[in-house]
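*Asks:* Input file: my_file-v6.cif. Contents: mmCIF, N, CA and C atoms.
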data_work
loop_
_atom_site.label_atom_id
_atom_site.label_comp_id
_atom_site.auth_asym_id
_atom_site.auth_seq_id
_atom_site.Cartn_x
_atom_site.Cartn_y
_atom_site.Cartn_z
N MET R 1 -8.35 -26.22 50.08
CA MET R 1 -9.34 -25.53 49.28
C MET R 1 -8.69 -24.46 48.41
N ALA R 2 -7.71 -23.73 48.96
CA ALA R 2 -7.03 -22.70 48.20
C ALA R 2 -6.23 -23.32 47.05
N ALA R 3 -5.67 -24.49 47.28
CA ALA R 3 -4.90 -25.17 46.24
C ALA R 3 -5.81 -25.57 45.08
N LEU R 4 -7.03 -25.97 45.39
CA LEU R 4 -7.99 -26.35 44.35
C LEU R 4 -8.36 -25.14 43.50
N LYS R 5 -8.56 -23.98 44.13
CA LYS R 5 -8.88 -22.76 43.39
C LYS R 5 -7.73 -22.36 42.48
N LYS R 6 -6.50 -22.46 42.99
CA LYS R 6 -5.33 -22.13 42.17
C LYS R 6 -5.22 -23.08 40.98
N PHE R 7 -5.51 -24.36 41.23
CA PHE R 7 -5.46 -25.35 40.16
C PHE R 7 -6.50 -25.04 39.08
N ILE R 8 -7.71 -24.70 39.50
CA ILE R 8 -8.78 -24.37 38.55
C ILE R 8 -8.42 -23.12 37.75
N VAL R 9 -7.87 -22.13 38.41
CA VAL R 9 -7.46 -20.91 37.71
C VAL R 9 -6.36 -21.22 36.70
N LEU R 10 -5.40 -22.04 37.10
CA LEU R 10 -4.30 -22.41 36.21
C LEU R 10 -4.82 -23.17 34.99
N ILE R 11 -5.68 -24.13 35.20
CA ILE R 11 -6.24 -24.91 34.09
C ILE R 11 -7.05 -24.00 33.16
N SER R 12 -7.84 -23.10 33.74
CA SER R 12 -8.63 -22.17 32.93
C SER R 12 -7.71 -21.28 32.08
N PHE R 13 -6.66 -20.79 32.69
CA PHE R 13 -5.70 -19.93 31.98
C PHE R 13 -5.04 -20.68 30.83
N LEU R 14 -4.60 -21.91 31.08
CA LEU R 14 -3.97 -22.70 30.03
C LEU R 14 -4.95 -23.02 28.90
N ALA R 15 -6.19 -23.31 29.24
CA ALA R 15 -7.20 -23.56 28.22
C ALA R 15 -7.45 -22.32 27.38
N PHE R 16 -7.49 -21.17 28.03
CA PHE R 16 -7.69 -19.90 27.33
C PHE R 16 -6.54 -19.65 26.35
N LEU R 17 -5.30 -19.89 26.79
CA LEU R 17 -4.14 -19.71 25.91
C LEU R 17 -4.20 -20.67 24.73
N GLY R 18 -4.59 -21.89 24.99
CA GLY R 18 -4.69 -22.88 23.92
C GLY R 18 -5.72 -22.50 22.88
N ILE R 19 -6.87 -22.04 23.31
CA ILE R 19 -7.92 -21.62 22.38
C ILE R 19 -7.47 -20.39 21.60
N GLY R 20 -6.81 -19.46 22.27
CA GLY R 20 -6.32 -18.26 21.59
C GLY R 20 -5.28 -18.58 20.54
N THR R 21 -4.43 -19.53 20.82
CA THR R 21 -3.39 -19.92 19.86
C THR R 21 -4.01 -20.60 18.65
N ILE R 22 -4.96 -21.45 18.87
CA ILE R 22 -5.61 -22.15 17.76
C ILE R 22 -6.33 -21.15 16.86
N GLY R 23 -6.97 -20.17 17.44
CA GLY R 23 -7.70 -19.19 16.66
C GLY R 23 -6.81 -18.27 15.86
N CYS R 24 -5.56 -18.12 16.23
CA CYS R 24 -4.65 -17.21 15.54
C CYS R 24 -3.89 -17.86 14.41
N GLU R 25 -3.98 -19.14 14.25
CA GLU R 25 -3.18 -19.82 13.24
C GLU R 25 -3.65 -19.52 11.82
N LYS R 26 -4.93 -19.42 11.60
CA LYS R 26 -5.46 -19.24 10.25
C LYS R 26 -5.64 -17.76 9.96
N GLU R 27 -5.06 -17.32 8.84
CA GLU R 27 -5.20 -15.92 8.44
C GLU R 27 -6.50 -15.73 7.66
N GLY R 28 -7.13 -14.63 7.90
CA GLY R 28 -8.32 -14.30 7.15
C GLY R 28 -7.99 -13.40 5.98
N PRO R 29 -9.00 -13.03 5.21
CA PRO R 29 -8.75 -12.17 4.05
C PRO R 29 -8.22 -10.79 4.43
N ALA R 30 -8.60 -10.27 5.56
CA ALA R 30 -8.12 -8.95 5.97
C ALA R 30 -6.62 -8.99 6.26
N GLU R 31 -6.16 -10.06 6.90
CA GLU R 31 -4.73 -10.20 7.19
C GLU R 31 -3.92 -10.33 5.91
N ARG R 32 -4.43 -11.12 4.97
CA ARG R 32 -3.72 -11.30 3.71
C ARG R 32 -3.68 -9.99 2.93
N THR R 33 -4.77 -9.26 2.92
CA THR R 33 -4.81 -7.98 2.23
C THR R 33 -3.85 -7.00 2.88
N GLY R 34 -3.81 -6.98 4.19
CA GLY R 34 -2.88 -6.10 4.90
C GLY R 34 -1.44 -6.42 4.58
N GLU R 35 -1.11 -7.70 4.49
CA GLU R 35 0.25 -8.10 4.15
C GLU R 35 0.61 -7.66 2.73
N LYS R 36 -0.35 -7.80 1.80
CA LYS R 36 -0.09 -7.37 0.43
C LYS R 36 0.12 -5.85 0.36
N ILE R 37 -0.65 -5.12 1.14
CA ILE R 37 -0.49 -3.65 1.17
C ILE R 37 0.88 -3.30 1.73
N ASP R 38 1.29 -3.98 2.80
CA ASP R 38 2.62 -3.74 3.39
C ASP R 38 3.73 -4.03 2.38
N GLU R 39 3.60 -5.14 1.65
CA GLU R 39 4.62 -5.49 0.66
C GLU R 39 4.67 -4.45 -0.45
N ALA R 40 3.51 -4.00 -0.91
CA ALA R 40 3.47 -2.99 -1.97
C ALA R 40 4.09 -1.68 -1.50
N ALA R 41 3.80 -1.28 -0.28
CA ALA R 41 4.36 -0.05 0.26
C ALA R 41 5.88 -0.16 0.38
N GLU R 42 6.36 -1.32 0.77
CA GLU R 42 7.81 -1.53 0.88
C GLU R 42 8.47 -1.45 -0.49
N GLN R 43 7.85 -2.04 -1.50
CA GLN R 43 8.40 -1.99 -2.86
C GLN R 43 8.41 -0.56 -3.39
N ILE R 44 7.35 0.19 -3.11
CA ILE R 44 7.30 1.59 -3.55
C ILE R 44 8.41 2.38 -2.89
N GLY R 45 8.63 2.14 -1.60
CA GLY R 45 9.70 2.82 -0.89
C GLY R 45 11.07 2.51 -1.47
N GLU R 46 11.30 1.25 -1.83
CA GLU R 46 12.57 0.84 -2.42
C GLU R 46 12.78 1.51 -3.78
N LYS R 47 11.73 1.53 -4.60
CA LYS R 47 11.83 2.16 -5.92
C LYS R 47 12.07 3.67 -5.78
N ALA R 48 11.40 4.29 -4.83
CA ALA R 48 11.60 5.73 -4.61
C ALA R 48 13.04 6.01 -4.19
N GLU R 49 13.59 5.15 -3.36
CA GLU R 49 14.98 5.32 -2.92
C GLU R 49 15.94 5.17 -4.10
N GLU R 50 15.70 4.18 -4.95
CA GLU R 50 16.53 3.99 -6.14
C GLU R 50 16.47 5.21 -7.05
N LEU R 51 15.26 5.72 -7.26
CA LEU R 51 15.06 6.88 -8.11
C LEU R 51 15.77 8.10 -7.53
N THR R 52 15.69 8.28 -6.23
CA THR R 52 16.36 9.41 -5.58
C THR R 52 17.87 9.30 -5.75
N GLU R 53 18.42 8.12 -5.60
CA GLU R 53 19.86 7.92 -5.78
C GLU R 53 20.28 8.23 -7.21
N LYS R 54 19.51 7.72 -8.19
CA LYS R 54 19.83 7.97 -9.59
C LYS R 54 19.75 9.45 -9.92
N THR R 55 18.73 10.11 -9.39
CA THR R 55 18.57 11.54 -9.64
C THR R 55 19.75 12.31 -9.05
N GLY R 56 20.16 11.93 -7.86
CA GLY R 56 21.32 12.58 -7.23
C GLY R 56 22.58 12.40 -8.05
N GLU R 57 22.77 11.19 -8.58
CA GLU R 57 23.94 10.93 -9.41
C GLU R 57 23.91 11.80 -10.67
N LYS R 58 22.75 11.90 -11.30
CA LYS R 58 22.62 12.71 -12.52
C LYS R 58 22.87 14.19 -12.22
N LEU R 59 22.39 14.66 -11.08
CA LEU R 59 22.63 16.05 -10.70
C LEU R 59 24.12 16.30 -10.45
N GLU R 60 24.79 15.35 -9.84
CA GLU R 60 26.22 15.48 -9.62
C GLU R 60 26.97 15.52 -10.95
N GLU R 61 26.59 14.65 -11.89
CA GLU R 61 27.22 14.63 -13.21
C GLU R 61 27.01 15.97 -13.91
N ALA R 62 25.78 16.48 -13.83
CA ALA R 62 25.47 17.74 -14.49
C ALA R 62 26.29 18.88 -13.86
N GLY R 63 26.43 18.85 -12.55
CA GLY R 63 27.21 19.87 -11.86
C GLY R 63 28.68 19.80 -12.25
N GLU R 64 29.22 18.61 -12.40
CA GLU R 64 30.61 18.46 -12.82
C GLU R 64 30.84 18.98 -14.23
N LYS R 65 29.87 18.73 -15.12
CA LYS R 65 29.98 19.20 -16.50
C LYS R 65 29.91 20.71 -16.57
N MET R 66 29.15 21.32 -15.67
CA MET R 66 29.01 22.78 -15.67
C MET R 66 30.30 23.45 -15.18
N GLN R 67 31.08 22.78 -14.39
CA GLN R 67 32.30 23.37 -13.87
C GLN R 67 33.33 23.30 -14.95
#
Since I need it in another form, could you write the structure as structure tokens?
*Replies:*
Amino acid sequence: MAALKKFIVLISFLAFLGIGTIGCEKEGPAERTGEKIDEAAEQIGEKAEELTEKTGEKLEEAGEKMQ
């Protein structure tokens, strides 16, 4: 009897995992929008880093000219 209960629990668990996996495969509009926001934020961060580097280089050049 205990083996039957364990078997039923195991089958139920596997079915639950299968249903959960199937439901996660398709992205909805919220997921796609979130990904686009993440990509935009990453691009902004990269551009800000480039700008900071260029500004630092220009400041160094200006400092060298002043000496």
*Asks:* Between CA of Thr55 in chain R and CA of Glu42 in chain R, what is the distance, to one decimal in Å?
*Replies:*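 Interatomic distance, CA of Thr55 in chain R to CA of Glu42 in chain R: 19.9 Å.
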*Asks:* Can you work out the spacing between atom N of Leu14 in chain R and atom N of Glu31 in chain R in Å, to one decimal?
*Replies:*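 So the two atoms, atom N of Leu14 in chain R and atom N of Glu31 in chain R, lie 27.0 Å apart.
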*Asks:* What does the distance from CA of Pro29 in chain R to atom N of Gly45 in chain R come to in Å, to one decimal?
*Replies:*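 Rounded to one decimal, the two atoms are 23.2 Å apart.
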